[in-house]
Every structure is written in C-alpha cells, then in structure tokens.
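Written out below as structure tokens is the structure these notes cover.
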Amino acid sequence: MSAGGVSGQARALKVLAGFLSSNRVPQAILFHGPAGVGKALAAGEFAAALLCEKPPRGGVRGCGACAPCAAFAGGRHPDFIRVDAAYQACLRQEELAKQKSLRIGTVREARRAMETSAILGGRKVAVVEDAEGLEIEAANALLKILEEPPPNAVWILTSSRRDRLPKTVLSRCAAVAFAPLDEETVERILAEQGVGSEDAAAAAKDAGGSAGRALELSRRGYPRALISGAASPAEASESLGPDLPSARTQAELALFALRQELWRSWKEGRTPLAEASRALGVIRELGESLRANVDPKAVVLLACLEARKAAS
C-alpha cells in the first residue's frame with residue numbers, strides 16, 4: 001500500500017485507510033516516528049484525501065480529478081493549513097531562519113482559521129509539522145481546540161520526538177506510528193532523487209532507517225569526508241552553514257555519521273574496541289555540549305579529530 005510518494009509504511013497507511021473507509025476520522029491525529037521516514041509526506045496525502053470529494057476506496061490519497069484535489073495540488077485549497085516554520089515566518093513577516101519554535105500567536109492564528117466554516121463545504125484540515133517544536137504556551141493554545149474541536153475540523157500533528165509533547169496534547173490525539181525504513185527502501189528513494197547506486201547503498205547503511213538523513217549524508221559525503229576523505233577536519237568544520245540553526249543541524253548529522261562509522265569500523269575489525277569506545281564517548285560528550293550551545297564548528301572539528309585518531 002502506498003500514498004503517493006510514501007514508501008515502506010504499509011502498517012501506518014493501513015490505519016489511515018481504515019479511518020477513511022469507515023468515515024470515522026479522529027479530529028486529532030499524531031503521526032510519530034523517526035525523522036525522514038515519510039510522516040510529513042503522508043500527512044499531506046492524507047489531508048488531500050480528507051478534502052477530496054470522492055477519494056478512492058482502500059487507499060490514502062485523493063482522486064486527483066475533483067476541484068478540491070486540483071486546489072490542493074496547486075497549493076491554494078482554502079480549507080487547508082500547513083503550520084510550520086514557513087507559515088510562521090509569513091505571519092510574523094520575518095526570515096525563515098529566525099523561526100526556532102512554533103509560538104502561541106501562530107497557533108492562535110491557525111485556530112481562528114480552523115474555527116470558521118469550510119469554504120468548499122467539506123472538512124477543514126490543519127497539519128502541524130514537527131509539533132515537538134511547539135512552545136509550551138503554543139501547545140496549551142492548541143490543546144484548547146483539541147479539547148473542543150469544531151465540527152469537520154481535523155488536526156494532524158507530525159513529530160519525531162513524541163516524548164517532547166505535553167501529555168495533555170498526546171491524550172487528545174489518535175497515534176499513528178511510522179517505522180524506520182529498511183535499507184532497500186531507502187536506497188530506492190535515494191535513487192529516485194538521482195543519487196548514484198554506490199552512494200545510495202552506503203548512505204542507506206548509515207542512515208538508521210531514515211531516507212531524509214540518508215539523502216543528507218549522500219549530499220555531504222558523510223562519513224567518508226569526515227574521516228578518510230581529502231578534506232581536513234578544519235575544512236569539514238568550516239563547511240557548516242553560516243547561520244547557527246543550520247550549522248547545529250549539520251553538526252548533529254556529522255556526529256551521527258561519525259558514530260555510525262566508528263561502530264562499523266569496530267565490527268569489521270578495523271578499529272580496536274578500546275579505541276572505538278573512547279572516541280564514541282568523546283563524541284557523545286561533544287553532542288551534549290552542542291545542545292548546550294557550544295560552537296558547532298568547534299564540536300565538529302574535535303569530533304573529526306577524535307574519529308580520525310581512532311581510525312589511524
């Protein structure tokens with residue numbers, strides 16, 4: 001079973017198809033699971049099916065032919081809202097890079113839109129992406145509408161860190177779990193994105209079941225570029241993005257890649273257990289310092305030096 005471009009999530013899609021076929025759609029649903037496994041894509045496809053005039057039976061997608069489907073595909077459906085960093089940046093008239101979390105004003109604006117009557121006469125649907133990024137005041141504002149949702153309104157939350165959501169919000173949502181993808185599925189997704197077969201296979205092994213992470217690993221040449229590539233640790237450090245949020249995200253990816261490579265190197269007998277364990281411990285501590293706002297470039301530089309030392 002698939003929903004448009006969603007792959008490897010048969011169990012989750014079966015649950016969603018059941019909601020549609022029974023016409024018993026919860027008014028609040030949480031899509032949870034690892035990052036990069038298709039939650040946001042599935043949320044969009046499910047939203048399109050909810051807004052479709054006659055969605056095909058047994059699947060999780062719209063018909064693609066009716067007026068609501070055409071409006072959704074064109075990004076102009078009046079009864080759909082995607083609450084994310086771009087939505088907030090537009091509301092606040094700020095740069096996208098400045099959107100570190102979802103704020104109470106953003107949720108209140110989405111609530112107001114969702115509380116009005118559907119313009120096309122069907123459902124109103126809101127997708128809140130990366131809901132773990134809700135500030136506590138914003139989560140409380142969302143809770144109010146989840147406790148007393150207006151008729152025909154459906155809220156879909158996606159999250160890679162379910163544990164960071166308030167229990168009160170979790171209790172109001174029907175949970176749909178998305179699993180890590182198998183390596184074959186990740187390889188296929190990367191191939192569809194134009195990644196060569198050798199690079200796709202290598203990234204799939206390192207990605208921990210996340211196609212999104214695998215794509216980033218292949219684009220940046222991790223972990224090869226960090227440990228055995230031609231670039232020096234200093235060059236790897238300086239390659240991080242210029243703004244702090246993107247640099248931190250890229251640093252987290254680099255640390256993940258280094259950990260994966262060290263584990264593989266030990267399992268294949270290329271690095272002694274003592275050296276691999278020592279380096280992994282240092283990299284773990286560096287990851288904790290990264291969350292404490294230490295300079296991402298310094299973190300990557302030190303992590304690369306430790307990994308190369310263990311591998312030498």
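As shown in the structure tokens, the chain order sets the letters A, B, ...; within each chain, residues go from 1, and ligands are also counted from 1 in the order they appear.
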Open item on the list: Give me, as a VMD selection string, all polymer residues having an atom no more than 10 Å from stretch 16-23 of chain A, counting only C-alpha atoms and skipping those fewer than 3 positions away in the same chain.
Closed with: chain A and resid 1 3 10 to 13 26 29 42 to 43 46 49 to 50 55 to 61 176
- [ ] Using only C-alpha atoms, determine which residues lie at most 10 Å from A:Arg111, disregarding the query and same-chain residues fewer than 3 positions distant; provide the list as a ChimeraX atom specification.
- [x] /A:105-108,114-116,126,141-142,144-146,149
Task: All alpha helix (DSSP H) positions in stretch 133-253 of chain A, as a VMD selection string - done: chain A and resid 136 to 147 167 to 170 183 to 192 197 to 206 211 to 220 224 to 227 233 to 238 244 to 253
- [ ] Show which residues sit within 7 Å of A:Lys124, as a ChimeraX atom specification. Count only C-alpha atoms, and ignore same-chain residues fewer than 2 positions away.
- [x] /A:79-80,114,118,122,126,152-154
TODO: Tell me, in Å to one decimal, how far atom CA of A:Asp84 is from atom CA of A:Ala40.
DONE: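 Taking atom CA of A:Asp84 and atom CA of A:Ala40, their separation equals 10.8 Å.
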TODO: Counting only C-alpha atoms, figure out which residue out of A:Glu183, A:Thr168, A:Leu143, A:Asp243 gets nearest to A:Leu96.
DONE: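 When distances to A:Leu96 are compared using only C-alpha atoms, the smallest one comes from A:Asp243.
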- [ ] Quick one: pull the distance between atom CA of A:Lys167 and atom CA of A:Gly33, Å, one decimal.
- [x]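 Separating atom CA of A:Lys167 from atom CA of A:Gly33 is a distance of 16.7 Å.
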Write out, as a Markdown table, each residue of stretch 254-307 of chain A that has an atom at most 9 Å from stretch 210-224 of chain A, together with the closest pair of atoms and their distance in Å to one decimal, counting only C-alpha atoms, rows going by chain and rising number.
```
| residue | atom | partner | partner_atom | distance |
| --- | --- | --- | --- | --- |
| A:Ala254 | CA | A:Tyr222 | CA | 7.0 |
| A:Phe256 | CA | A:Pro223 | CA | 8.9 |
| A:Ala257 | CA | A:Pro223 | CA | 5.1 |
| A:Leu258 | CA | A:Pro223 | CA | 6.0 |
| A:Gln260 | CA | A:Pro223 | CA | 8.2 |
| A:Glu261 | CA | A:Pro223 | CA | 6.6 |
```
Selection above as a file: N, CA and C atoms, as a short mmCIF file (atom, residue, chain, number, x, y, z; two decimals), in the first residue's frame:
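Contents of the output file part.cif:
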```cif
data_model
loop_
_atom_site.label_atom_id
_atom_site.label_comp_id
_atom_site.auth_asym_id
_atom_site.auth_seq_id
_atom_site.Cartn_x
_atom_site.Cartn_y
_atom_site.Cartn_z
N ALA A 254 26.77 15.30 11.31
CA ALA A 254 28.17 14.87 11.28
C ALA A 254 28.49 13.95 12.45
N PHE A 256 26.39 12.06 14.10
CA PHE A 256 25.70 10.79 13.84
C PHE A 256 26.53 9.95 12.87
N ALA A 257 27.01 10.56 11.79
CA ALA A 257 27.79 9.83 10.78
C ALA A 257 29.08 9.28 11.38
N LEU A 258 29.73 10.06 12.23
CA LEU A 258 30.96 9.60 12.86
C LEU A 258 30.71 8.41 13.78
N GLN A 260 28.26 6.21 13.51
CA GLN A 260 27.96 5.06 12.66
C GLN A 260 29.23 4.44 12.09
N GLU A 261 30.15 5.29 11.64
CA GLU A 261 31.39 4.81 11.04
C GLU A 261 32.27 4.12 12.08
#
```
Open item on the list: Please report the interatomic distance between atom CA of A:Ser117 and atom CA of A:Ser159 in Å with one decimal.
Closed with: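 According to the coordinates, atom CA of A:Ser117 and atom CA of A:Ser159 are separated by 27.7 Å.
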Task: Distance query A:Glu306 at most 9 Å, only C-alpha atoms, self and fewer than 2 positions along chain excluded, as a VMD selection string - done: chain A and resid 278 to 280 282 to 283 301 to 304 308 to 311
Written file, previous selection with C-alpha atoms, as a short mmCIF file (atom, residue, chain, number, x, y, z; two decimals), in the first residue's frame:
```cif
data_model
loop_
_atom_site.label_atom_id
_atom_site.label_comp_id
_atom_site.auth_asym_id
_atom_site.auth_seq_id
_atom_site.Cartn_x
_atom_site.Cartn_y
_atom_site.Cartn_z
CA ARG A 278 36.97 6.00 23.73
CA ALA A 279 36.16 8.00 20.61
CA LEU A 280 32.43 7.26 20.89
CA VAL A 282 34.14 11.77 23.44
CA ILE A 283 31.72 12.28 20.56
CA LEU A 301 36.45 19.83 14.44
CA LEU A 302 37.08 17.99 17.73
CA ALA A 303 34.81 15.07 16.77
CA CYS A 304 36.61 14.60 13.43
CA ARG A 308 40.48 10.01 12.76
CA LYS A 309 42.69 9.27 15.74
CA ALA A 310 40.72 6.11 16.50
CA ALA A 311 40.77 5.02 12.85
#
```
Open item on the list: Calculated over only C-alpha atoms, which of the candidates A:Lys100, A:Arg112, A:Lys297, A:Arg264 has the smallest distance to A:Glu235?
Closed with: A:Lys297
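Nearest to A:Ser265 of all the residues A:Lys54, A:His32, A:Arg284, A:Ser312 is A:Ser312, based on only C-alpha atoms.
Residues in contact with A:Glu288 at up to 12 Å, not including ones fewer than 5 positions away on its chain and judged by only C-alpha atoms, are Arg248, Ala251, Glu252, Leu255, Gly281, Val282, Ile283, Asn293, Val294, Asp295, Pro296 and Val299 of chain A.
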Task: Test item: residues at most 10 Å from A:Arg164, only C-alpha atoms, excluding those fewer than 4 positions along its chain, as a PyMOL selection string - done: chain A and resi 131-134+159-160
How about saving the chosen residues, C-alpha atoms kept, as a PDB file, in the first residue's frame?
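Output below, filename result-v4.pdb:
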```pdb
ATOM      1  CA  ALA A 131       4.951  19.514  16.723  1.00  0.00           C
ATOM      2  CA  GLU A 132       7.703  18.939  19.289  1.00  0.00           C
ATOM      3  CA  GLY A 133       8.771  22.488  18.376  1.00  0.00           C
ATOM      4  CA  LEU A 134       5.648  23.978  19.966  1.00  0.00           C
ATOM      5  CA  SER A 159       6.612  14.578  15.416  1.00  0.00           C
ATOM      6  CA  SER A 160       9.980  12.863  15.552  1.00  0.00           C
TER       7      SER A 160
END
```
- [ ] Write out as JSON, numbers by chain each polymer residue whose atoms come within 7 Å of A:Ala48, counting only C-alpha atoms; drop sequence neighbours fewer than 3 positions from it.
- [x] {"A": [44, 45, 51, 52, 61, 62, 69, 72]}
TODO: Name the closest residue to A:Glu109 among the candidates A:Arg123, A:Arg82, A:Arg270, A:Arg24; distances are taken between atoms, counting only C-alpha atoms.
DONE: A:Arg82
Task: Of the listed residues A:Ala86, A:Glu53, A:Leu262, A:Arg188, that which approaches A:Ala70 most closely, counting only C-alpha atoms - done: A:Glu53
